[in-house]
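Colleague: Contents of structure.pdb (PDB, C-alpha atoms):
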```pdb
ATOM      1  CA  MET A 969     -66.371  12.192 -72.462
ATOM      2  CA  GLN A 970     -69.792  11.206 -73.855
ATOM      3  CA  ARG A 971     -68.578   7.625 -74.164
ATOM      4  CA  ILE A 972     -67.324   7.706 -70.547
ATOM      5  CA  ALA A 973     -70.700   8.932 -69.322
ATOM      6  CA  ALA A 974     -72.559   6.197 -71.185
ATOM      7  CA  LEU A 975     -70.180   3.477 -70.025
ATOM      8  CA  LEU A 976     -70.433   4.484 -66.378
ATOM      9  CA  VAL A 977     -74.201   4.238 -66.554
ATOM     10  CA  LEU A 978     -74.053   0.907 -68.390
ATOM     11  CA  LEU A 979     -71.407  -0.752 -66.217
ATOM     12  CA  PHE A 980     -72.082   0.540 -62.742
ATOM     13  CA  GLY A 981     -75.200   2.662 -62.728
ATOM     14  CA  ILE A 982     -73.058   5.782 -62.203
ATOM     15  CA  ASN A 983     -74.604   8.878 -63.768
ATOM     16  CA  VAL A 984     -72.253  11.845 -64.103
ATOM     17  CA  PHE A 985     -75.337  14.019 -64.384
ATOM     18  CA  ALA A 986     -77.604  14.522 -61.404
ATOM     19  CA  GLY A 987     -80.273  11.868 -61.532
ATOM     20  CA  GLU A 988     -83.319  11.466 -59.362
ATOM     21  CA  ALA A 989     -82.588  12.376 -55.784
ATOM     22  CA  ASN A 990     -82.251   9.411 -53.470
ATOM     23  CA  PRO A 991     -85.120   9.028 -51.029
ATOM     24  CA  ALA A 992     -84.283  10.357 -47.577
ATOM     25  CA  ALA A 993     -82.265   7.717 -45.805
ATOM     26  CA  ALA A 994     -84.012   6.030 -42.924
ATOM     27  CA  PRO A 995     -82.131   5.523 -39.681
ATOM     28  CA  ALA A 996     -80.390   2.167 -39.566
ATOM     29  CA  LYS A 997     -82.306  -0.399 -37.544
ATOM     30  CA  GLY A 998     -80.825  -2.788 -35.041
ATOM     31  CA  GLY A 999     -78.725  -5.440 -36.765
ATOM     32  CA  ALA A1000     -78.354  -3.455 -40.004
ATOM     33  CA  GLU A1001     -74.853  -3.301 -41.414
ATOM     34  CA  LEU A1002     -72.977  -0.039 -41.810
ATOM     35  CA  THR A1003     -70.430  -0.409 -44.582
ATOM     36  CA  PHE A1004     -67.861   2.376 -44.707
ATOM     37  CA  ALA A1005     -64.561   3.162 -46.371
ATOM     38  CA  VAL A1006     -61.562   4.622 -44.560
ATOM     39  CA  ILE A1007     -58.215   5.925 -45.765
ATOM     40  CA  THR A1008     -55.494   7.902 -43.983
ATOM     41  CA  GLU A1009     -53.179   9.884 -46.256
ATOM     42  CA  PHE A1010     -49.995  11.794 -45.589
ATOM     43  CA  PRO A1011     -49.980  14.732 -48.042
ATOM     44  CA  GLY A1012     -46.602  15.420 -49.611
ATOM     45  CA  GLY A1013     -45.044  12.420 -47.945
ATOM     46  CA  GLY A1014     -46.366  13.475 -44.554
ATOM     47  CA  ARG A1015     -44.060  15.089 -42.025
ATOM     48  CA  LYS A1016     -44.738  13.009 -38.946
ATOM     49  CA  LEU A1017     -44.274  13.791 -35.287
ATOM     50  CA  PRO A1018     -42.464  11.283 -33.067
ATOM     51  CA  PRO A1019     -44.818   8.467 -32.005
ATOM     52  CA  PRO A1020     -46.637   9.365 -28.777
ATOM     53  CA  THR A1021     -45.633   7.586 -25.580
ATOM     54  CA  ALA A1022     -46.937   7.550 -22.012
ATOM     55  CA  GLU A1023     -44.165   9.992 -21.048
ATOM     56  CA  ASN A1024     -44.610  12.170 -24.129
ATOM     57  CA  PRO A1025     -48.260  12.009 -25.246
ATOM     58  CA  ALA A1026     -49.414  13.804 -28.391
ATOM     59  CA  TYR A1027     -52.269  15.884 -27.030
ATOM     60  CA  VAL A1028     -54.657  17.457 -29.515
ATOM     61  CA  LEU A1029     -56.785  20.565 -29.777
ATOM     62  CA  LEU A1030     -60.093  20.050 -31.611
ATOM     63  CA  GLN A1031     -61.531  22.535 -34.079
ATOM     64  CA  SER A1032     -64.810  21.983 -35.896
ATOM     65  CA  GLY A1033     -65.077  22.930 -39.554
ATOM     66  CA  LYS A1034     -68.827  22.224 -39.465
ATOM     67  CA  GLN A1035     -71.013  20.488 -42.036
ATOM     68  CA  HIS A1036     -70.342  20.810 -45.761
ATOM     69  CA  ASP A1037     -72.602  19.287 -48.416
ATOM     70  CA  TYR A1038     -71.623  18.843 -52.064
ATOM     71  CA  GLY A1039     -73.917  18.119 -54.977
ATOM     72  CA  GLU A1040     -77.644  17.575 -54.792
ATOM     73  CA  GLY A1041     -80.090  15.176 -53.245
ATOM     74  CA  HIS A1042     -79.718  15.561 -49.489
ATOM     75  CA  ALA A1043     -81.094  18.978 -48.657
ATOM     76  CA  GLY A1044     -82.847  18.951 -45.314
ATOM     77  CA  GLN A1045     -81.018  15.925 -43.920
ATOM     78  CA  LYS A1046     -80.852  16.242 -40.148
ATOM     79  CA  SER A1047     -77.248  16.778 -39.092
ATOM     80  CA  PRO A1048     -75.774  15.414 -35.881
ATOM     81  CA  PRO A1049     -75.306  18.171 -33.276
ATOM     82  CA  GLU A1050     -71.809  19.613 -33.572
ATOM     83  CA  ASN A1051     -70.993  18.826 -29.948
ATOM     84  CA  LEU A1052     -71.810  15.136 -30.506
ATOM     85  CA  VAL A1053     -69.400  14.969 -33.447
ATOM     86  CA  GLU A1054     -66.721  16.615 -31.316
ATOM     87  CA  GLN A1055     -67.411  14.207 -28.456
ATOM     88  CA  ALA A1056     -67.055  11.215 -30.790
ATOM     89  CA  ILE A1057     -63.640  12.450 -31.965
ATOM     90  CA  ALA A1058     -62.551  13.456 -28.448
ATOM     91  CA  ALA A1059     -63.187   9.872 -27.333
ATOM     92  CA  VAL A1060     -60.370   8.671 -29.619
ATOM     93  CA  ALA A1061     -58.067  11.715 -29.398
ATOM     94  CA  PRO A1062     -56.514  12.676 -26.028
ATOM     95  CA  GLN A1063     -56.776  16.329 -25.111
ATOM     96  CA  GLY A1064     -54.578  18.116 -22.593
ATOM     97  CA  ARG A1065     -52.177  20.956 -21.993
ATOM     98  CA  ALA A1066     -49.520  21.845 -24.554
ATOM     99  CA  PRO A1067     -51.243  20.268 -27.576
ATOM    100  CA  LYS A1068     -48.998  19.067 -30.397
ATOM    101  CA  ILE A1069     -51.721  18.542 -32.979
ATOM    102  CA  LEU A1070     -54.663  20.632 -34.125
ATOM    103  CA  LEU A1071     -57.398  18.268 -35.296
ATOM    104  CA  THR A1072     -59.887  19.890 -37.626
ATOM    105  CA  PHE A1073     -62.937  17.971 -38.772
ATOM    106  CA  ILE A1074     -65.730  18.405 -41.278
ATOM    107  CA  TRP A1075     -68.652  16.187 -42.233
ATOM    108  CA  GLY A1076     -71.574  16.137 -44.623
ATOM    109  CA  SER A1077     -72.828  14.565 -47.840
ATOM    110  CA  HIS A1078     -71.404  14.249 -51.344
ATOM    111  CA  GLY A1079     -73.878  13.709 -54.146
ATOM    112  CA  SER A1080     -74.364  14.078 -57.880
ATOM    113  CA  SER A1081     -73.947  17.522 -59.369
ATOM    114  CA  GLU A1082     -76.616  19.554 -61.144
ATOM    115  CA  ALA A1083     -73.906  20.790 -63.517
ATOM    116  CA  GLY A1084     -75.000  20.669 -67.136
ATOM    117  CA  THR A1085     -71.813  19.310 -68.707
ATOM    118  CA  GLN A1086     -70.301  15.839 -68.717
ATOM    119  CA  ASP A1087     -66.880  17.221 -67.782
ATOM    120  CA  ALA A1088     -68.371  18.805 -64.660
ATOM    121  CA  GLY A1089     -70.141  15.561 -63.813
ATOM    122  CA  LEU A1090     -66.927  13.616 -64.264
ATOM    123  CA  ARG A1091     -65.081  16.029 -61.961
ATOM    124  CA  ASN A1092     -67.821  15.500 -59.390
ATOM    125  CA  LEU A1093     -67.368  11.716 -59.640
ATOM    126  CA  LEU A1094     -63.572  11.911 -59.343
ATOM    127  CA  ASP A1095     -63.902  14.245 -56.368
ATOM    128  CA  ARG A1096     -66.105  11.654 -54.656
ATOM    129  CA  ALA A1097     -63.568   8.938 -55.577
ATOM    130  CA  ALA A1098     -60.812  10.906 -53.785
ATOM    131  CA  LEU A1099     -63.093  11.340 -50.782
ATOM    132  CA  VAL A1100     -64.013   7.659 -50.574
ATOM    133  CA  GLY A1101     -60.800   5.909 -51.651
ATOM    134  CA  GLY A1102     -58.090   8.548 -51.510
ATOM    135  CA  VAL A1103     -56.032  10.364 -54.123
ATOM    136  CA  LYS A1104     -54.351   7.251 -55.548
ATOM    137  CA  PHE A1105     -57.701   5.513 -56.040
ATOM    138  CA  LYS A1106     -58.977   8.616 -57.812
ATOM    139  CA  GLU A1107     -55.985   8.669 -60.173
ATOM    140  CA  ASP A1108     -56.305   4.938 -60.888
ATOM    141  CA  LEU A1109     -59.982   5.441 -61.707
ATOM    142  CA  ARG A1110     -59.145   8.372 -63.996
ATOM    143  CA  ASP A1111     -56.601   6.211 -65.858
ATOM    144  CA  ALA A1112     -59.130   3.392 -66.264
ATOM    145  CA  LEU A1113     -61.720   5.817 -67.632
ATOM    146  CA  LYS A1114     -59.219   7.204 -70.141
ATOM    147  CA  GLN A1115     -58.368   3.676 -71.314
ATOM    148  CA  GLU A1116     -62.074   2.903 -71.579
ATOM    149  CA  ASP A1117     -62.639   5.987 -73.674
ATOM    150  CA  ALA A1118     -59.699   5.165 -75.967
ATOM    151  CA  VAL A1119     -60.780   1.551 -76.483
ATOM    152  CA  GLU A1120     -64.398   2.464 -77.119
ATOM    153  CA  SER A1121     -63.385   4.983 -79.752
ATOM    154  CA  THR A1122     -61.534   2.324 -81.790
ATOM    155  CA  THR A1123     -63.325  -0.965 -81.002
ATOM    156  CA  PRO A1124     -66.721  -1.911 -82.442
ATOM    157  CA  LYS A1125     -69.150  -2.354 -79.568
ATOM    158  CA  GLN A1126     -70.289  -5.733 -80.858
ATOM    159  CA  THR A1127     -66.832  -7.202 -80.149
ATOM    160  CA  TRP A1128     -67.161  -6.745 -76.386
ATOM    161  CA  GLY A1129     -67.705 -10.086 -74.726
ATOM    162  CA  THR A1130     -67.024 -12.106 -77.881
ATOM    163  CA  LYS A1131     -64.139 -14.233 -79.035
ATOM    164  CA  MET A1132     -61.774 -12.368 -81.336
ATOM    165  CA  ASP A1133     -59.802 -13.951 -84.176
ATOM    166  CA  GLY A1134     -56.034 -13.946 -84.004
ATOM    167  CA  VAL A1135     -55.819 -13.607 -80.218
ATOM    168  CA  ASN A1136     -54.541 -16.335 -77.912
ATOM    169  CA  ALA A1137     -56.690 -17.833 -75.176
ATOM    170  CA  ALA A1138     -55.320 -15.622 -72.420
ATOM    171  CA  GLY A1139     -55.712 -12.565 -74.626
ATOM    172  CA  ASN A1140     -59.325 -13.452 -75.319
ATOM    173  CA  ILE A1141     -60.164 -13.116 -71.650
ATOM    174  CA  PHE A1142     -58.803  -9.596 -71.421
ATOM    175  CA  LYS A1143     -60.033  -8.518 -74.846
ATOM    176  CA  SER A1144     -63.573  -9.412 -73.837
ATOM    177  CA  ILE A1145     -63.553  -7.325 -70.641
ATOM    178  CA  SER A1146     -63.541  -3.540 -70.717
ATOM    179  CA  PRO A1147     -60.731  -1.552 -69.007
ATOM    180  CA  MET A1148     -63.195  -0.225 -66.416
ATOM    181  CA  GLU A1149     -64.406  -3.715 -65.593
ATOM    182  CA  LEU A1150     -60.802  -4.922 -65.296
ATOM    183  CA  PHE A1151     -60.127  -2.032 -62.917
ATOM    184  CA  ARG A1152     -63.195  -2.888 -60.844
ATOM    185  CA  ARG A1153     -62.214  -6.558 -60.646
ATOM    186  CA  ARG A1154     -58.569  -6.035 -59.696
ATOM    187  CA  ASP A1155     -59.368  -6.804 -56.045
ATOM    188  CA  LEU A1156     -62.271  -6.927 -53.627
ATOM    189  CA  THR A1157     -61.472  -3.537 -52.093
ATOM    190  CA  THR A1158     -61.575  -1.798 -55.486
ATOM    191  CA  GLU A1159     -64.869  -3.500 -56.298
ATOM    192  CA  ARG A1160     -66.396  -2.252 -53.053
ATOM    193  CA  LEU A1161     -65.001   1.266 -53.526
ATOM    194  CA  VAL A1162     -66.457   1.489 -57.046
ATOM    195  CA  ASP A1163     -69.800   0.376 -55.637
ATOM    196  CA  LEU A1164     -69.597   3.109 -52.988
ATOM    197  CA  ILE A1165     -68.788   5.939 -55.410
ATOM    198  CA  ALA A1166     -71.620   4.811 -57.688
ATOM    199  CA  ASP A1167     -74.009   6.453 -55.234
ATOM    200  CA  ASP A1168     -74.119   9.457 -52.939
ATOM    201  CA  CYS A1169     -72.213   9.234 -49.672
ATOM    202  CA  TYR A1170     -71.906  10.710 -46.206
ATOM    203  CA  TYR A1171     -68.407  11.506 -45.028
ATOM    204  CA  VAL A1172     -66.148  12.687 -42.222
ATOM    205  CA  VAL A1173     -62.705  14.180 -42.884
ATOM    206  CA  ILE A1174     -60.301  14.605 -39.956
ATOM    207  CA  THR A1175     -57.134  16.611 -40.629
ATOM    208  CA  ALA A1176     -54.135  16.755 -38.299
ATOM    209  CA  ILE A1177     -52.037  19.940 -38.352
ATOM    210  CA  ASP A1178     -48.733  20.483 -36.554
ATOM    211  CA  TYR A1179     -49.802  22.807 -33.721
ATOM    212  CA  GLU A1180     -46.353  24.145 -32.893
ATOM    213  CA  ALA A1181     -45.682  24.962 -36.553
ATOM    214  CA  LEU A1182     -49.085  26.661 -36.766
ATOM    215  CA  ALA A1183     -48.125  28.869 -33.830
ATOM    216  CA  ARG A1184     -45.147  29.997 -35.942
ATOM    217  CA  GLY A1185     -47.428  30.808 -38.862
ATOM    218  CA  GLU A1186     -46.762  27.592 -40.826
ATOM    219  CA  ARG A1187     -49.586  25.250 -41.789
ATOM    220  CA  LYS A1188     -48.171  21.715 -41.941
ATOM    221  CA  VAL A1189     -50.653  18.945 -42.530
ATOM    222  CA  LEU A1190     -49.471  15.763 -40.830
ATOM    223  CA  TRP A1191     -52.183  13.418 -42.039
ATOM    224  CA  ARG A1192     -55.792  13.324 -43.180
ATOM    225  CA  THR A1193     -58.277  10.526 -42.437
ATOM    226  CA  LYS A1194     -61.382  10.189 -44.621
ATOM    227  CA  LEU A1195     -64.384   8.063 -43.682
ATOM    228  CA  SER A1196     -67.408   7.597 -45.953
ATOM    229  CA  THR A1197     -70.529   5.471 -46.269
ATOM    230  CA  GLY A1198     -73.514   5.139 -48.586
ATOM    231  CA  THR A1199     -76.663   7.120 -47.893
ATOM    232  CA  ARG A1200     -79.376   4.565 -48.589
ATOM    233  CA  SER A1201     -79.580   2.677 -45.305
ATOM    234  CA  VAL A1202     -78.524   5.204 -42.684
ATOM    235  CA  ALA A1203     -79.260   8.841 -41.832
ATOM    236  CA  LEU A1204     -76.522  11.480 -41.719
ATOM    237  CA  ALA A1205     -77.065  12.134 -37.997
ATOM    238  CA  GLU A1206     -76.425   8.451 -37.251
ATOM    239  CA  ALA A1207     -73.720   7.787 -39.859
ATOM    240  CA  VAL A1208     -71.227  10.438 -38.725
ATOM    241  CA  PRO A1209     -70.672   9.348 -35.095
ATOM    242  CA  ALA A1210     -70.934   5.665 -36.084
ATOM    243  CA  MET A1211     -68.124   6.012 -38.637
ATOM    244  CA  ILE A1212     -65.910   7.839 -36.149
ATOM    245  CA  ARG A1213     -66.429   5.157 -33.493
ATOM    246  CA  SER A1214     -65.931   2.209 -35.847
ATOM    247  CA  GLY A1215     -63.082   3.863 -37.752
ATOM    248  CA  ALA A1216     -61.143   4.889 -34.625
ATOM    249  CA  PRO A1217     -58.355   2.277 -35.105
ATOM    250  CA  PHE A1218     -57.506   3.829 -38.490
ATOM    251  CA  ILE A1219     -57.596   7.528 -37.578
ATOM    252  CA  GLY A1220     -54.074   8.918 -38.012
ATOM    253  CA  CYS A1221     -52.612   5.489 -38.751
ATOM    254  CA  GLU A1222     -50.452   4.743 -41.773
ATOM    255  CA  MET A1223     -52.391   2.806 -44.405
ATOM    256  CA  ALA A1224     -50.963   1.329 -47.578
ATOM    257  CA  GLU A1225     -54.400   1.421 -49.195
ATOM    258  CA  PRO A1226     -58.010   2.221 -48.318
ATOM    259  CA  LYS A1227     -60.132  -0.300 -46.463
ATOM    260  CA  VAL A1228     -63.827  -1.050 -46.649
ATOM    261  CA  ILE A1229     -65.193  -2.111 -43.264
ATOM    262  CA  MET A1230     -68.533  -3.793 -42.667
ATOM    263  CA  LYS A1231     -69.962  -3.429 -39.196
ATOM    264  CA  GLY A1232     -73.272  -4.438 -37.689
ATOM    265  CA  SER A1233     -74.768  -1.446 -35.922
ATOM    266  CA  ARG A1234     -75.646  -1.900 -32.273
TER     267      ARG A1234
END
```
Just give me the structure of the file as structure tokens.
Modeller:
Amino acid sequence: MQRIAALLVLLFGINVFAGEANPAAAPAKGGAELTFAVITEFPGGGRKLPPPTAENPAYVLLQSGKQHDYGEGHAGQKSPPENLVEQAIAAVAPQGRAPKILLTFIWGSHGSSEAGTQDAGLRNLLDRAALVGGVKFKEDLRDALKQEDAVESTTPKQTWGTKMDGVNAAGNIFKSISPMELFRRRDLTTERLVDLIADDCYYVVITAIDYEALARGERKVLWRTKLSTGTRSVALAEAVPAMIRSGAPFIGCEMAEPKVIMKGSR
């Protein structure tokens, strides 16, 4: 794990130990871009309700889970009033009699951990990866880190980025790039997600629960939408409602993979 920690710092500036706290984020100014990631997951395959129609709408009941902060670096950040968060979600989720879905929502920040071990720091990083890119992204990142660790333990560092004897031209390209860098470069979305998890983030998690099953004492999660953004150019109080508004088309929708959306704030 020591090699993993060093490589993360070298490649992406990711420190599995808590580093210096980020300066308090200033509110985004007019014209500034808010870049955020969004993923909707269906745990366990996702038991879905029939699609809502005009004759049979899927009304929801909202329940706030309040603010939750993880890690260090954002103590004292002004939180958006709870009623404003609820209003932002209510604007994209119809409420009415006989609700079919209980929508719970939490928000907050996720930062580096003060934990004193590399394993704890790595868990903190993987937890943020699941929050930003979803469970599959987290597992893919874990696999890449394991490959990186295995290669580094058997390959002299001076061979990285150099031509190696006995390897064909195509092989040379891959031999000269580390497994983590190959993972980062696999597509533009992965590159942007890695950039996002390299720093602290603000997030919103919206979870849909089958209301009728809950009334029978069963807790069935239908889907979970996660939205997250970096902390450097926007304040928490502004980021949370902005992500909900901009991410509305993806809330509760099936997604084959996470998306990174860039929006100009207005």
Colleague: Got a sec: who's within 12 Å of Ala1066 of chain A, counting only C-alpha atoms, leaving out chain neighbours fewer than 3 positions off, as number ranges by chain?
Modeller: A: 1024-1029, 1062-1063, 1069-1070, 1179-1180, 1183
Colleague: Select, from A:Val1172, A:Val1202, A:Ile1219, A:Ala1118, the residue with the minimum atom-to-atom distance to Val1060 of chain A, counting only C-alpha atoms.
Modeller: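 Checking each candidate against Val1060 of chain A, we get A:Ile1219 as the closest.
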Colleague: Between atom CA of Asp1117 of chain A and atom CA of Gln1086 of chain A, measure the distance and give it in Å to one decimal.
Modeller: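 Those two atoms sit 13.4 Å apart.
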Colleague: Tell me which protein, DNA and RNA residues are within 8 Å of Arg1160 of chain A, counting all atoms listed in the file, leaving out same-chain ones fewer than 4 positions away, and put them as a PyMOL selection string.
Modeller: chain A and resi 1156+1164+1228
Colleague: To one decimal place, how far is atom CA of Glu1206 of chain A from atom CA of Gln1031 of chain A in Å?
Modeller: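 Spanning atom CA of Glu1206 of chain A to atom CA of Gln1031 of chain A is a straight-line distance of 20.7 Å.
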Colleague: Could you state the separation of atom CA of Ala1181 of chain A and atom CA of Ile1057 of chain A in Å, given to one decimal place?
Modeller: 22.4 Å
Colleague: Taking the file as I've supplied it (selection: the PyMOL selection byres ((chain A and resi 1093) around 10)), which residues are included? Please answer as JSON, numbers by chain.
Modeller: {"A": [982, 983, 984, 985, 1078, 1079, 1080, 1081, 1087, 1088, 1089, 1090, 1091, 1092, 1094, 1095, 1096, 1097, 1098, 1099, 1106, 1109, 1110, 1165, 1166, 1167, 1168]}
Colleague: With distances taken over only C-alpha atoms, which residue among A:Leu1182, A:Val1053, A:Ala1058, A:Val1100 lies nearest Ser1077 of chain A?
Modeller: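 Of the candidates, the smallest distance to Ser1077 of chain A is held by A:Val1100.
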Colleague: Considering all atoms listed in the file, can you say which of A:Tyr1170, A:Phe1010, A:Trp1075, A:Tyr1038 comes closest to Ala1224 of chain A?
Modeller: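 Ranked by minimum distance to Ala1224 of chain A, first place goes to A:Phe1010.
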Colleague: Suppose a student applies the PyMOL selection byres ((chain A and resi 1108) around 12) to this structure; what residues should they get, written as an MDAnalysis selection string?
Modeller: chainID A and resid 1094 1097:1098 1101:1107 1109:1115 1147:1148 1150:1152 1154 1158 1161:1162
Colleague: Just C-alpha atoms for this one: save the residues we selected as a PDB file, in the frame of the given file.
Modeller:
```
ATOM      1  CA  LEU A1094     -63.572  11.911 -59.343  1.00  0.00           C
ATOM      2  CA  ALA A1097     -63.568   8.938 -55.577  1.00  0.00           C
ATOM      3  CA  ALA A1098     -60.812  10.906 -53.785  1.00  0.00           C
ATOM      4  CA  GLY A1101     -60.800   5.909 -51.651  1.00  0.00           C
ATOM      5  CA  GLY A1102     -58.090   8.548 -51.510  1.00  0.00           C
ATOM      6  CA  VAL A1103     -56.032  10.364 -54.123  1.00  0.00           C
ATOM      7  CA  LYS A1104     -54.351   7.251 -55.548  1.00  0.00           C
ATOM      8  CA  PHE A1105     -57.701   5.513 -56.040  1.00  0.00           C
ATOM      9  CA  LYS A1106     -58.977   8.616 -57.812  1.00  0.00           C
ATOM     10  CA  GLU A1107     -55.985   8.669 -60.173  1.00  0.00           C
ATOM     11  CA  LEU A1109     -59.982   5.441 -61.707  1.00  0.00           C
ATOM     12  CA  ARG A1110     -59.145   8.372 -63.996  1.00  0.00           C
ATOM     13  CA  ASP A1111     -56.601   6.211 -65.858  1.00  0.00           C
ATOM     14  CA  ALA A1112     -59.130   3.392 -66.264  1.00  0.00           C
ATOM     15  CA  LEU A1113     -61.720   5.817 -67.632  1.00  0.00           C
ATOM     16  CA  LYS A1114     -59.219   7.204 -70.141  1.00  0.00           C
ATOM     17  CA  GLN A1115     -58.368   3.676 -71.314  1.00  0.00           C
ATOM     18  CA  PRO A1147     -60.731  -1.552 -69.007  1.00  0.00           C
ATOM     19  CA  MET A1148     -63.195  -0.225 -66.416  1.00  0.00           C
ATOM     20  CA  LEU A1150     -60.802  -4.922 -65.296  1.00  0.00           C
ATOM     21  CA  PHE A1151     -60.127  -2.032 -62.917  1.00  0.00           C
ATOM     22  CA  ARG A1152     -63.195  -2.888 -60.844  1.00  0.00           C
ATOM     23  CA  ARG A1154     -58.569  -6.035 -59.696  1.00  0.00           C
ATOM     24  CA  THR A1158     -61.575  -1.798 -55.486  1.00  0.00           C
ATOM     25  CA  LEU A1161     -65.001   1.266 -53.526  1.00  0.00           C
ATOM     26  CA  VAL A1162     -66.457   1.489 -57.046  1.00  0.00           C
TER      27      VAL A1162
END
```
Colleague: Which one of A:Thr1197, A:Ala1061, A:Asp1037, A:Thr1072 sits closest to Ala1216 of chain A if you count all atoms listed in the file?
Modeller: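 Using all atoms listed in the file, the shortest distance to Ala1216 of chain A belongs to A:Ala1061.
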